[in-house]
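Let me begin by presenting the structure, written as structure tokens, before commenting on it.
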Protein chains: 2
Amino acid sequence: MLDSIPSFARLVAELAKFPGVGKKTATRLAFSLLSRPESDAEALAGAILELHRKIGFCSICYHMTENDPCPICTDPTRDERLLCVVEQPQDLLAIERSRSFRGRYHVLQGVLSPLDGIGPDDLRFDELLARLDGGVEEVLVATNFTVEGDATALYVADLVRAKGVRVTRLAHGIPTGSDLEFIDDTTVHRAVENRREL
Amino acid sequence: MLDSIPSFARLVAELAKFPGVGKKTATRLAFSLLSRPESDAEALAGAILELHRKIGFCSICYHMTENDPCPICTDPTRDERLLCVVEQPQDLLAIERSRSFRGRYHVLQGVLSPLDGIGPDDLRFDELLARLDGGVEEVLVATNFTVEGDATALYVADLVRAKGVRVTRLAHGIPTGSDLEFIDDTTVHRAVENRREL
């Protein structure tokens with residue numbers, strides 16, 4: 001039905017490339033854009049074009065940034081002795097939102113995933129090791145609690161310990177606001193194992 | 001946290017203007033765009049910019065189109081005696097997908113909604129009446145089955161009947177594949193009222 005309106009069909013096809021966006025949602029988004037002023041469409045297109053042009057990766061921590069090195073790496077109030085290792089910029093942002101960490105970061109830009117052909121050479125391990133010589137006293141591994149994230153955490157721990165630096169990992173347990181009844185067995189198991197004094 | 005990456009924050013803000021897209025979804029979309037090749041971003045931006053430039057409204061039926069008059073209005077195989085009145089281009093597309101209608105359309109570009117300040121002068125009623133002189137024998141009102149859609153249908157029916165043209169409306173009833181148990185009372189009530197011979 002959209003064949004007779006190729007420019008609309010093209011936008012729907014482009015929007016449907018987003019993960020989790022099907023043809024129906026893409027059509028709804030395109031209609032929304034068409035019903036709003038042209039200036040809205042221009043602002044969105046401008047922001048999209050600017051994305052790759054302005055954003056690169058920090059040459060120290062590999063977080064995304066407009067200026068290299070990034071504001072976190074150049075912030076003198078941050079503790080250089082603490083280094084938090086994450087998979088992706090998204091994970092770094094989640095920890096920053098929690099306002100619980102005042103050290104620096106290292107973004108691996110992925111996880112070890114042999115099935116997807118991602119090995120140690122594809123991630124930022126060499127760059128991590130090079131940073132350990134600069135007075136780092138603790139590496140907090142904040143990879144996700146998935147099979148790949150766990151494997152990557154063990155790999156990082158081996159590398160870092162070999163350099164004589166302390167390695168820690170985010171606590172594994174029951175999240176805030178949840179009912180024990182509905183938490184998966186592995187999480188409850190680990191929460192019991194890692195119980196602490198009150 | 002995104003303040004330090006203004007171009008990313010700007011894209012998230014633009015994406016969050018879509019209906020049903022919150023800040024979290026917008027961030028996910030922006031990250032997806034950043035992780036894909038720049039050519040993808042350029043294609044999307046191009047499609048967005050093209051939208052308003054290429055698409056206008058057909059001066060006969062007020063459906064969206066790249067060429068005026070639109071392909072439906074110029075299609076000689078369509079029955080000129082049948083005219084289907086819809087609220088929006090989306091509704092026209094839904095009827096076209098059903099492959100049940102081979103007449104022409106008239107898009108009102110909205111519904112009567114006094115609470116939103118939308119009265120008869122804001123919709124394409126005059127243009128509809130002008131078309132009735134061209135040999136139209138039946139007007140099928142396909143406004144939505146909402147309070148506003150019902151009111152608009154009654155308004156259209158009065159206008160069209162005054163011109164001596166037959167007016168029909170889409171059947172109201174139980175949709176395909178649904179359990180009576182879960183259908184709202186009004187729909188069941190109307191389905192019983194409008195029962196037909198088997």
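By convention in this document, the chains of the structure tokens carry letters A, B, ... by their order, each chain's residues are numbered from 1, and ligands are numbered from 1 in the order they are shown.
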Check: If you count only C-alpha atoms, which residues fall within 8 Å of segment 184-193 of chain A, apart from same-chain ones fewer than 6 positions away, as a ChimeraX atom specification?
Finding: /A:172-174
Next item on the list: Provide as a PyMOL selection string the residues of chain B at most 6 Å from chain A, counting only C-alpha atoms.
Entry: chain B and resi 5+11+14+44-45+47
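Relative to atom CA of Asp79 of chain A, atom CA of Pro175 of chain A is found at 27.2 Å.
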With only C-alpha atoms as the counted atoms, please give the residues lying no more than 12 Å from Cys61 of chain A, apart from itself and same-chain residues fewer than 5 positions off, as a PDB file with N, CA and C atoms, in the first residue's frame.
```
ATOM      1  N   GLY A  56      33.405  10.315  18.987  1.00  0.00           N
ATOM      2  CA  GLY A  56      34.438   9.316  18.768  1.00  0.00           C
ATOM      3  C   GLY A  56      34.692   8.600  20.084  1.00  0.00           C
ATOM      4  N   ASP A  68      38.681  14.380  22.939  1.00  0.00           N
ATOM      5  CA  ASP A  68      39.603  13.332  23.342  1.00  0.00           C
ATOM      6  C   ASP A  68      40.781  13.973  24.050  1.00  0.00           C
ATOM      7  N   PRO A  69      41.166  13.577  25.276  1.00  0.00           N
ATOM      8  CA  PRO A  69      40.510  12.590  26.129  1.00  0.00           C
ATOM      9  C   PRO A  69      39.169  13.101  26.670  1.00  0.00           C
ATOM     10  N   CYS A  70      38.345  12.165  27.149  1.00  0.00           N
ATOM     11  CA  CYS A  70      36.982  12.482  27.575  1.00  0.00           C
ATOM     12  C   CYS A  70      36.966  13.223  28.913  1.00  0.00           C
ATOM     13  N   PRO A  71      35.848  13.878  29.246  1.00  0.00           N
ATOM     14  CA  PRO A  71      35.772  14.655  30.489  1.00  0.00           C
ATOM     15  C   PRO A  71      36.043  13.835  31.752  1.00  0.00           C
ATOM     16  N   ILE A  72      35.721  12.528  31.712  1.00  0.00           N
ATOM     17  CA  ILE A  72      35.970  11.712  32.907  1.00  0.00           C
ATOM     18  C   ILE A  72      37.477  11.490  33.091  1.00  0.00           C
ATOM     19  N   CYS A  73      38.168  11.208  31.979  1.00  0.00           N
ATOM     20  CA  CYS A  73      39.620  10.957  32.056  1.00  0.00           C
ATOM     21  C   CYS A  73      40.402  12.213  32.451  1.00  0.00           C
ATOM     22  N   THR A  74      39.846  13.387  32.123  1.00  0.00           N
ATOM     23  CA  THR A  74      40.574  14.618  32.427  1.00  0.00           C
ATOM     24  C   THR A  74      40.099  15.281  33.716  1.00  0.00           C
ATOM     25  N   LEU A  83      39.823   1.788  39.077  1.00  0.00           N
ATOM     26  CA  LEU A  83      39.494   1.678  37.661  1.00  0.00           C
ATOM     27  C   LEU A  83      38.333   0.695  37.504  1.00  0.00           C
ATOM     28  N   CYS A  84      37.262   1.149  36.890  1.00  0.00           N
ATOM     29  CA  CYS A  84      36.087   0.295  36.708  1.00  0.00           C
ATOM     30  C   CYS A  84      36.037  -0.188  35.257  1.00  0.00           C
ATOM     31  N   VAL A  85      35.988  -1.489  35.050  1.00  0.00           N
ATOM     32  CA  VAL A  85      35.986  -2.057  33.698  1.00  0.00           C
ATOM     33  C   VAL A  85      34.550  -2.434  33.315  1.00  0.00           C
ATOM     34  N   VAL A  86      34.065  -1.861  32.214  1.00  0.00           N
ATOM     35  CA  VAL A  86      32.705  -2.162  31.748  1.00  0.00           C
ATOM     36  C   VAL A  86      32.746  -2.653  30.303  1.00  0.00           C
ATOM     37  N   GLU A  87      31.621  -3.252  29.873  1.00  0.00           N
ATOM     38  CA  GLU A  87      31.547  -3.760  28.496  1.00  0.00           C
ATOM     39  C   GLU A  87      31.339  -2.617  27.501  1.00  0.00           C
ATOM     40  N   GLN A  88      30.365  -1.763  27.799  1.00  0.00           N
ATOM     41  CA  GLN A  88      29.876  -0.782  26.836  1.00  0.00           C
ATOM     42  C   GLN A  88      29.694   0.579  27.485  1.00  0.00           C
ATOM     43  N   PRO A  89      29.662   1.662  26.679  1.00  0.00           N
ATOM     44  CA  PRO A  89      29.372   2.992  27.231  1.00  0.00           C
ATOM     45  C   PRO A  89      28.063   3.023  28.034  1.00  0.00           C
ATOM     46  N   LEU A  92      28.756   2.145  31.590  1.00  0.00           N
ATOM     47  CA  LEU A  92      29.420   3.258  32.270  1.00  0.00           C
ATOM     48  C   LEU A  92      28.368   4.285  32.711  1.00  0.00           C
ATOM     49  N   GLY A 103      35.939   6.800  40.673  1.00  0.00           N
ATOM     50  CA  GLY A 103      37.226   6.512  40.033  1.00  0.00           C
ATOM     51  C   GLY A 103      37.134   6.757  38.547  1.00  0.00           C
ATOM     52  N   ARG A 104      37.989   6.087  37.788  1.00  0.00           N
ATOM     53  CA  ARG A 104      37.948   6.213  36.332  1.00  0.00           C
ATOM     54  C   ARG A 104      37.439   4.900  35.718  1.00  0.00           C
ATOM     55  N   TYR A 105      37.249   4.937  34.403  1.00  0.00           N
ATOM     56  CA  TYR A 105      36.662   3.768  33.727  1.00  0.00           C
ATOM     57  C   TYR A 105      37.566   3.224  32.643  1.00  0.00           C
ATOM     58  N   HIS A 106      37.244   1.983  32.236  1.00  0.00           N
ATOM     59  CA  HIS A 106      37.842   1.424  31.028  1.00  0.00           C
ATOM     60  C   HIS A 106      36.745   0.637  30.307  1.00  0.00           C
ATOM     61  N   VAL A 107      36.443   1.059  29.084  1.00  0.00           N
ATOM     62  CA  VAL A 107      35.372   0.412  28.327  1.00  0.00           C
ATOM     63  C   VAL A 107      35.992  -0.634  27.387  1.00  0.00           C
ATOM     64  N   LEU A 108      35.618  -1.901  27.573  1.00  0.00           N
ATOM     65  CA  LEU A 108      36.189  -2.980  26.750  1.00  0.00           C
ATOM     66  C   LEU A 108      35.651  -2.953  25.317  1.00  0.00           C
ATOM     67  N   GLN A 109      34.523  -2.298  25.121  1.00  0.00           N
ATOM     68  CA  GLN A 109      33.838  -2.250  23.821  1.00  0.00           C
ATOM     69  C   GLN A 109      33.393  -3.629  23.353  1.00  0.00           C
ATOM     70  N   ARG A 124      39.467  -4.301  24.344  1.00  0.00           N
ATOM     71  CA  ARG A 124      40.515  -3.360  24.753  1.00  0.00           C
ATOM     72  C   ARG A 124      41.315  -3.858  25.963  1.00  0.00           C
ATOM     73  N   PHE A 125      41.800  -5.111  25.907  1.00  0.00           N
ATOM     74  CA  PHE A 125      42.556  -5.669  27.024  1.00  0.00           C
ATOM     75  C   PHE A 125      43.978  -5.108  27.093  1.00  0.00           C
ATOM     76  N   ASP A 126      44.660  -5.003  25.942  1.00  0.00           N
ATOM     77  CA  ASP A 126      46.038  -4.486  25.932  1.00  0.00           C
ATOM     78  C   ASP A 126      46.061  -3.073  26.494  1.00  0.00           C
ATOM     79  N   GLU A 127      45.053  -2.275  26.075  1.00  0.00           N
ATOM     80  CA  GLU A 127      44.980  -0.890  26.538  1.00  0.00           C
ATOM     81  C   GLU A 127      44.724  -0.846  28.049  1.00  0.00           C
ATOM     82  N   LEU A 128      43.961  -1.842  28.554  1.00  0.00           N
ATOM     83  CA  LEU A 128      43.697  -1.913  29.995  1.00  0.00           C
ATOM     84  C   LEU A 128      45.001  -2.199  30.742  1.00  0.00           C
ATOM     85  N   LEU A 129      45.744  -3.193  30.258  1.00  0.00           N
ATOM     86  CA  LEU A 129      47.002  -3.566  30.922  1.00  0.00           C
ATOM     87  C   LEU A 129      47.973  -2.400  30.947  1.00  0.00           C
ATOM     88  N   ALA A 130      48.039  -1.658  29.845  1.00  0.00           N
ATOM     89  CA  ALA A 130      48.948  -0.517  29.774  1.00  0.00           C
ATOM     90  C   ALA A 130      48.600   0.521  30.838  1.00  0.00           C
ATOM     91  N   ARG A 131      47.300   0.640  31.164  1.00  0.00           N
ATOM     92  CA  ARG A 131      46.885   1.648  32.149  1.00  0.00           C
ATOM     93  C   ARG A 131      47.223   1.243  33.584  1.00  0.00           C
TER      94      ARG A 131
END
```
Note to self: Given only C-alpha atoms as the basis, pick out the residue of B:Thr77, B:Leu180, B:Val156, B:Gly119 nearest to Thr168 of chain B.
What the structure shows: B:Val156
Select from segment 13-143 of chain A everything DSSP, run on the backbone, classes as helix (DSSP H, G or I), then give the selection as a PDB file with N, CA and C atoms, in the first residue's frame.
```
ATOM      1  N   ALA A  13      11.228   1.877   6.125  1.00  0.00           N
ATOM      2  CA  ALA A  13      12.250   0.821   6.038  1.00  0.00           C
ATOM      3  C   ALA A  13      13.475   1.188   6.878  1.00  0.00           C
ATOM      4  N   GLU A  14      13.871   2.465   6.843  1.00  0.00           N
ATOM      5  CA  GLU A  14      15.039   2.893   7.624  1.00  0.00           C
ATOM      6  C   GLU A  14      14.761   2.807   9.120  1.00  0.00           C
ATOM      7  N   LEU A  15      13.562   3.239   9.528  1.00  0.00           N
ATOM      8  CA  LEU A  15      13.222   3.214  10.956  1.00  0.00           C
ATOM      9  C   LEU A  15      13.106   1.783  11.457  1.00  0.00           C
ATOM     10  N   LYS A  23       7.650  -3.127  11.485  1.00  0.00           N
ATOM     11  CA  LYS A  23       7.104  -2.286  10.424  1.00  0.00           C
ATOM     12  C   LYS A  23       5.947  -1.419  10.945  1.00  0.00           C
ATOM     13  N   LYS A  24       5.140  -1.999  11.860  1.00  0.00           N
ATOM     14  CA  LYS A  24       3.997  -1.233  12.387  1.00  0.00           C
ATOM     15  C   LYS A  24       4.456  -0.031  13.196  1.00  0.00           C
ATOM     16  N   THR A  25       5.433  -0.264  14.093  1.00  0.00           N
ATOM     17  CA  THR A  25       5.957   0.840  14.903  1.00  0.00           C
ATOM     18  C   THR A  25       6.626   1.874  14.000  1.00  0.00           C
ATOM     19  N   ALA A  26       7.390   1.401  13.020  1.00  0.00           N
ATOM     20  CA  ALA A  26       8.086   2.322  12.110  1.00  0.00           C
ATOM     21  C   ALA A  26       7.077   3.199  11.366  1.00  0.00           C
ATOM     22  N   THR A  27       5.966   2.605  10.957  1.00  0.00           N
ATOM     23  CA  THR A  27       4.937   3.374  10.262  1.00  0.00           C
ATOM     24  C   THR A  27       4.341   4.433  11.190  1.00  0.00           C
ATOM     25  N   ARG A  28       4.113   4.033  12.447  1.00  0.00           N
ATOM     26  CA  ARG A  28       3.562   4.974  13.417  1.00  0.00           C
ATOM     27  C   ARG A  28       4.524   6.147  13.639  1.00  0.00           C
ATOM     28  N   LEU A  29       5.825   5.834  13.739  1.00  0.00           N
ATOM     29  CA  LEU A  29       6.819   6.887  13.938  1.00  0.00           C
ATOM     30  C   LEU A  29       6.852   7.823  12.721  1.00  0.00           C
ATOM     31  N   ALA A  30       6.795   7.241  11.526  1.00  0.00           N
ATOM     32  CA  ALA A  30       6.852   8.053  10.308  1.00  0.00           C
ATOM     33  C   ALA A  30       5.632   8.976  10.210  1.00  0.00           C
ATOM     34  N   PHE A  31       4.455   8.460  10.557  1.00  0.00           N
ATOM     35  CA  PHE A  31       3.251   9.301  10.533  1.00  0.00           C
ATOM     36  C   PHE A  31       3.376  10.429  11.552  1.00  0.00           C
ATOM     37  N   SER A  32       3.955  10.111  12.700  1.00  0.00           N
ATOM     38  CA  SER A  32       4.118  11.138  13.727  1.00  0.00           C
ATOM     39  C   SER A  32       5.021  12.249  13.206  1.00  0.00           C
ATOM     40  N   LEU A  33       6.081  11.856  12.507  1.00  0.00           N
ATOM     41  CA  LEU A  33       7.017  12.846  11.980  1.00  0.00           C
ATOM     42  C   LEU A  33       6.340  13.703  10.908  1.00  0.00           C
ATOM     43  N   LEU A  34       5.505  13.060  10.097  1.00  0.00           N
ATOM     44  CA  LEU A  34       4.833  13.771   9.010  1.00  0.00           C
ATOM     45  C   LEU A  34       3.810  14.769   9.554  1.00  0.00           C
ATOM     46  N   SER A  35       3.227  14.439  10.711  1.00  0.00           N
ATOM     47  CA  SER A  35       2.183  15.312  11.247  1.00  0.00           C
ATOM     48  C   SER A  35       2.774  16.477  12.040  1.00  0.00           C
ATOM     49  N   GLU A  38       7.890  20.633   9.799  1.00  0.00           N
ATOM     50  CA  GLU A  38       9.090  20.208   9.092  1.00  0.00           C
ATOM     51  C   GLU A  38      10.348  20.502   9.913  1.00  0.00           C
ATOM     52  N   SER A  39      10.289  21.547  10.757  1.00  0.00           N
ATOM     53  CA  SER A  39      11.468  21.887  11.559  1.00  0.00           C
ATOM     54  C   SER A  39      11.836  20.754  12.512  1.00  0.00           C
ATOM     55  N   ASP A  40      10.827  20.010  12.984  1.00  0.00           N
ATOM     56  CA  ASP A  40      11.111  18.863  13.853  1.00  0.00           C
ATOM     57  C   ASP A  40      11.903  17.805  13.103  1.00  0.00           C
ATOM     58  N   ALA A  41      11.476  17.549  11.852  1.00  0.00           N
ATOM     59  CA  ALA A  41      12.175  16.549  11.041  1.00  0.00           C
ATOM     60  C   ALA A  41      13.605  16.998  10.775  1.00  0.00           C
ATOM     61  N   GLU A  42      13.776  18.302  10.507  1.00  0.00           N
ATOM     62  CA  GLU A  42      15.122  18.821  10.236  1.00  0.00           C
ATOM     63  C   GLU A  42      16.017  18.711  11.468  1.00  0.00           C
ATOM     64  N   ALA A  43      15.438  18.989  12.645  1.00  0.00           N
ATOM     65  CA  ALA A  43      16.218  18.896  13.882  1.00  0.00           C
ATOM     66  C   ALA A  43      16.656  17.458  14.129  1.00  0.00           C
ATOM     67  N   LEU A  44      15.738  16.517  13.887  1.00  0.00           N
ATOM     68  CA  LEU A  44      16.068  15.105  14.095  1.00  0.00           C
ATOM     69  C   LEU A  44      17.143  14.654  13.112  1.00  0.00           C
ATOM     70  N   ALA A  45      16.962  15.006  11.834  1.00  0.00           N
ATOM     71  CA  ALA A  45      17.942  14.605  10.818  1.00  0.00           C
ATOM     72  C   ALA A  45      19.315  15.207  11.138  1.00  0.00           C
ATOM     73  N   GLY A  46      19.314  16.465  11.583  1.00  0.00           N
ATOM     74  CA  GLY A  46      20.576  17.115  11.937  1.00  0.00           C
ATOM     75  C   GLY A  46      21.276  16.400  13.081  1.00  0.00           C
ATOM     76  N   ALA A  47      20.493  16.019  14.099  1.00  0.00           N
ATOM     77  CA  ALA A  47      21.066  15.329  15.254  1.00  0.00           C
ATOM     78  C   ALA A  47      21.635  13.974  14.844  1.00  0.00           C
ATOM     79  N   ILE A  48      20.950  13.300  13.908  1.00  0.00           N
ATOM     80  CA  ILE A  48      21.413  11.983  13.453  1.00  0.00           C
ATOM     81  C   ILE A  48      22.730  12.117  12.691  1.00  0.00           C
ATOM     82  N   LEU A  49      22.798  13.139  11.822  1.00  0.00           N
ATOM     83  CA  LEU A  49      24.017  13.323  11.030  1.00  0.00           C
ATOM     84  C   LEU A  49      25.203  13.708  11.903  1.00  0.00           C
ATOM     85  N   GLU A  50      24.905  14.477  12.963  1.00  0.00           N
ATOM     86  CA  GLU A  50      25.967  14.963  13.839  1.00  0.00           C
ATOM     87  C   GLU A  50      26.597  13.838  14.658  1.00  0.00           C
ATOM     88  N   LEU A  51      25.784  12.792  14.906  1.00  0.00           N
ATOM     89  CA  LEU A  51      26.190  11.732  15.825  1.00  0.00           C
ATOM     90  C   LEU A  51      27.570  11.167  15.499  1.00  0.00           C
ATOM     91  N   HIS A  52      27.702  10.586  14.290  1.00  0.00           N
ATOM     92  CA  HIS A  52      28.974   9.971  13.939  1.00  0.00           C
ATOM     93  C   HIS A  52      30.069  11.007  13.711  1.00  0.00           C
ATOM     94  N   ARG A  53      29.670  12.209  13.266  1.00  0.00           N
ATOM     95  CA  ARG A  53      30.683  13.229  12.976  1.00  0.00           C
ATOM     96  C   ARG A  53      31.336  13.749  14.237  1.00  0.00           C
ATOM     97  N   LYS A  54      30.532  13.890  15.291  1.00  0.00           N
ATOM     98  CA  LYS A  54      31.074  14.511  16.501  1.00  0.00           C
ATOM     99  C   LYS A  54      31.586  13.505  17.527  1.00  0.00           C
ATOM    100  N   PRO A  71      35.848  13.878  29.246  1.00  0.00           N
ATOM    101  CA  PRO A  71      35.772  14.655  30.489  1.00  0.00           C
ATOM    102  C   PRO A  71      36.043  13.835  31.752  1.00  0.00           C
ATOM    103  N   ILE A  72      35.721  12.528  31.712  1.00  0.00           N
ATOM    104  CA  ILE A  72      35.970  11.712  32.907  1.00  0.00           C
ATOM    105  C   ILE A  72      37.477  11.490  33.091  1.00  0.00           C
ATOM    106  N   CYS A  73      38.168  11.208  31.979  1.00  0.00           N
ATOM    107  CA  CYS A  73      39.620  10.957  32.056  1.00  0.00           C
ATOM    108  C   CYS A  73      40.402  12.213  32.451  1.00  0.00           C
ATOM    109  N   THR A  74      39.846  13.387  32.123  1.00  0.00           N
ATOM    110  CA  THR A  74      40.574  14.618  32.427  1.00  0.00           C
ATOM    111  C   THR A  74      40.099  15.281  33.716  1.00  0.00           C
ATOM    112  N   PRO A  89      29.662   1.662  26.679  1.00  0.00           N
ATOM    113  CA  PRO A  89      29.372   2.992  27.231  1.00  0.00           C
ATOM    114  C   PRO A  89      28.063   3.023  28.034  1.00  0.00           C
ATOM    115  N   GLN A  90      27.061   2.256  27.590  1.00  0.00           N
ATOM    116  CA  GLN A  90      25.785   2.194  28.309  1.00  0.00           C
ATOM    117  C   GLN A  90      25.999   1.812  29.788  1.00  0.00           C
ATOM    118  N   ASP A  91      26.912   0.847  30.015  1.00  0.00           N
ATOM    119  CA  ASP A  91      27.143   0.344  31.364  1.00  0.00           C
ATOM    120  C   ASP A  91      27.818   1.415  32.212  1.00  0.00           C
ATOM    121  N   LEU A  92      28.756   2.145  31.590  1.00  0.00           N
ATOM    122  CA  LEU A  92      29.420   3.258  32.270  1.00  0.00           C
ATOM    123  C   LEU A  92      28.368   4.285  32.711  1.00  0.00           C
ATOM    124  N   LEU A  93      27.432   4.607  31.804  1.00  0.00           N
ATOM    125  CA  LEU A  93      26.408   5.605  32.132  1.00  0.00           C
ATOM    126  C   LEU A  93      25.535   5.124  33.289  1.00  0.00           C
ATOM    127  N   ALA A  94      25.248   3.817  33.332  1.00  0.00           N
ATOM    128  CA  ALA A  94      24.421   3.278  34.422  1.00  0.00           C
ATOM    129  C   ALA A  94      25.128   3.451  35.764  1.00  0.00           C
ATOM    130  N   ILE A  95      26.445   3.208  35.787  1.00  0.00           N
ATOM    131  CA  ILE A  95      27.190   3.356  37.049  1.00  0.00           C
ATOM    132  C   ILE A  95      27.283   4.832  37.433  1.00  0.00           C
ATOM    133  N   GLU A  96      27.476   5.696  36.429  1.00  0.00           N
ATOM    134  CA  GLU A  96      27.517   7.140  36.719  1.00  0.00           C
ATOM    135  C   GLU A  96      26.178   7.610  37.306  1.00  0.00           C
ATOM    136  N   ARG A  97      25.076   7.090  36.761  1.00  0.00           N
ATOM    137  CA  ARG A  97      23.759   7.492  37.285  1.00  0.00           C
ATOM    138  C   ARG A  97      23.588   7.091  38.744  1.00  0.00           C
ATOM    139  N   PRO A 114      32.987 -16.385  22.020  1.00  0.00           N
ATOM    140  CA  PRO A 114      33.556 -17.237  20.966  1.00  0.00           C
ATOM    141  C   PRO A 114      32.530 -17.585  19.881  1.00  0.00           C
ATOM    142  N   LEU A 115      31.270 -17.773  20.280  1.00  0.00           N
ATOM    143  CA  LEU A 115      30.254 -18.140  19.283  1.00  0.00           C
ATOM    144  C   LEU A 115      30.054 -17.035  18.249  1.00  0.00           C
ATOM    145  N   ASP A 116      30.290 -15.776  18.674  1.00  0.00           N
ATOM    146  CA  ASP A 116      30.169 -14.660  17.728  1.00  0.00           C
ATOM    147  C   ASP A 116      31.520 -14.304  17.124  1.00  0.00           C
ATOM    148  N   PRO A 120      39.867 -12.209  22.621  1.00  0.00           N
ATOM    149  CA  PRO A 120      40.587 -11.158  23.363  1.00  0.00           C
ATOM    150  C   PRO A 120      41.131 -10.050  22.469  1.00  0.00           C
ATOM    151  N   ASP A 121      41.538 -10.382  21.233  1.00  0.00           N
ATOM    152  CA  ASP A 121      42.141  -9.361  20.372  1.00  0.00           C
ATOM    153  C   ASP A 121      41.126  -8.319  19.912  1.00  0.00           C
ATOM    154  N   ASP A 122      39.833  -8.640  20.017  1.00  0.00           N
ATOM    155  CA  ASP A 122      38.808  -7.701  19.560  1.00  0.00           C
ATOM    156  C   ASP A 122      38.419  -6.702  20.650  1.00  0.00           C
ATOM    157  N   PHE A 125      41.800  -5.111  25.907  1.00  0.00           N
ATOM    158  CA  PHE A 125      42.556  -5.669  27.024  1.00  0.00           C
ATOM    159  C   PHE A 125      43.978  -5.108  27.093  1.00  0.00           C
ATOM    160  N   ASP A 126      44.660  -5.003  25.942  1.00  0.00           N
ATOM    161  CA  ASP A 126      46.038  -4.486  25.932  1.00  0.00           C
ATOM    162  C   ASP A 126      46.061  -3.073  26.494  1.00  0.00           C
ATOM    163  N   GLU A 127      45.053  -2.275  26.075  1.00  0.00           N
ATOM    164  CA  GLU A 127      44.980  -0.890  26.538  1.00  0.00           C
ATOM    165  C   GLU A 127      44.724  -0.846  28.049  1.00  0.00           C
ATOM    166  N   LEU A 128      43.961  -1.842  28.554  1.00  0.00           N
ATOM    167  CA  LEU A 128      43.697  -1.913  29.995  1.00  0.00           C
ATOM    168  C   LEU A 128      45.001  -2.199  30.742  1.00  0.00           C
ATOM    169  N   LEU A 129      45.744  -3.193  30.258  1.00  0.00           N
ATOM    170  CA  LEU A 129      47.002  -3.566  30.922  1.00  0.00           C
ATOM    171  C   LEU A 129      47.973  -2.400  30.947  1.00  0.00           C
ATOM    172  N   ALA A 130      48.039  -1.658  29.845  1.00  0.00           N
ATOM    173  CA  ALA A 130      48.948  -0.517  29.774  1.00  0.00           C
ATOM    174  C   ALA A 130      48.600   0.521  30.838  1.00  0.00           C
ATOM    175  N   ARG A 131      47.300   0.640  31.164  1.00  0.00           N
ATOM    176  CA  ARG A 131      46.885   1.648  32.149  1.00  0.00           C
ATOM    177  C   ARG A 131      47.223   1.243  33.584  1.00  0.00           C
ATOM    178  N   LEU A 132      47.421  -0.073  33.810  1.00  0.00           N
ATOM    179  CA  LEU A 132      47.652  -0.541  35.182  1.00  0.00           C
ATOM    180  C   LEU A 132      48.980  -0.048  35.749  1.00  0.00           C
ATOM    181  N   ASP A 133      49.887   0.354  34.858  1.00  0.00           N
ATOM    182  CA  ASP A 133      51.194   0.822  35.331  1.00  0.00           C
ATOM    183  C   ASP A 133      51.124   2.235  35.911  1.00  0.00           C
ATOM    184  N   GLY A 134      49.978   2.877  35.753  1.00  0.00           N
ATOM    185  CA  GLY A 134      49.879   4.279  36.179  1.00  0.00           C
ATOM    186  C   GLY A 134      49.344   4.483  37.590  1.00  0.00           C
TER     187      GLY A 134
END
```
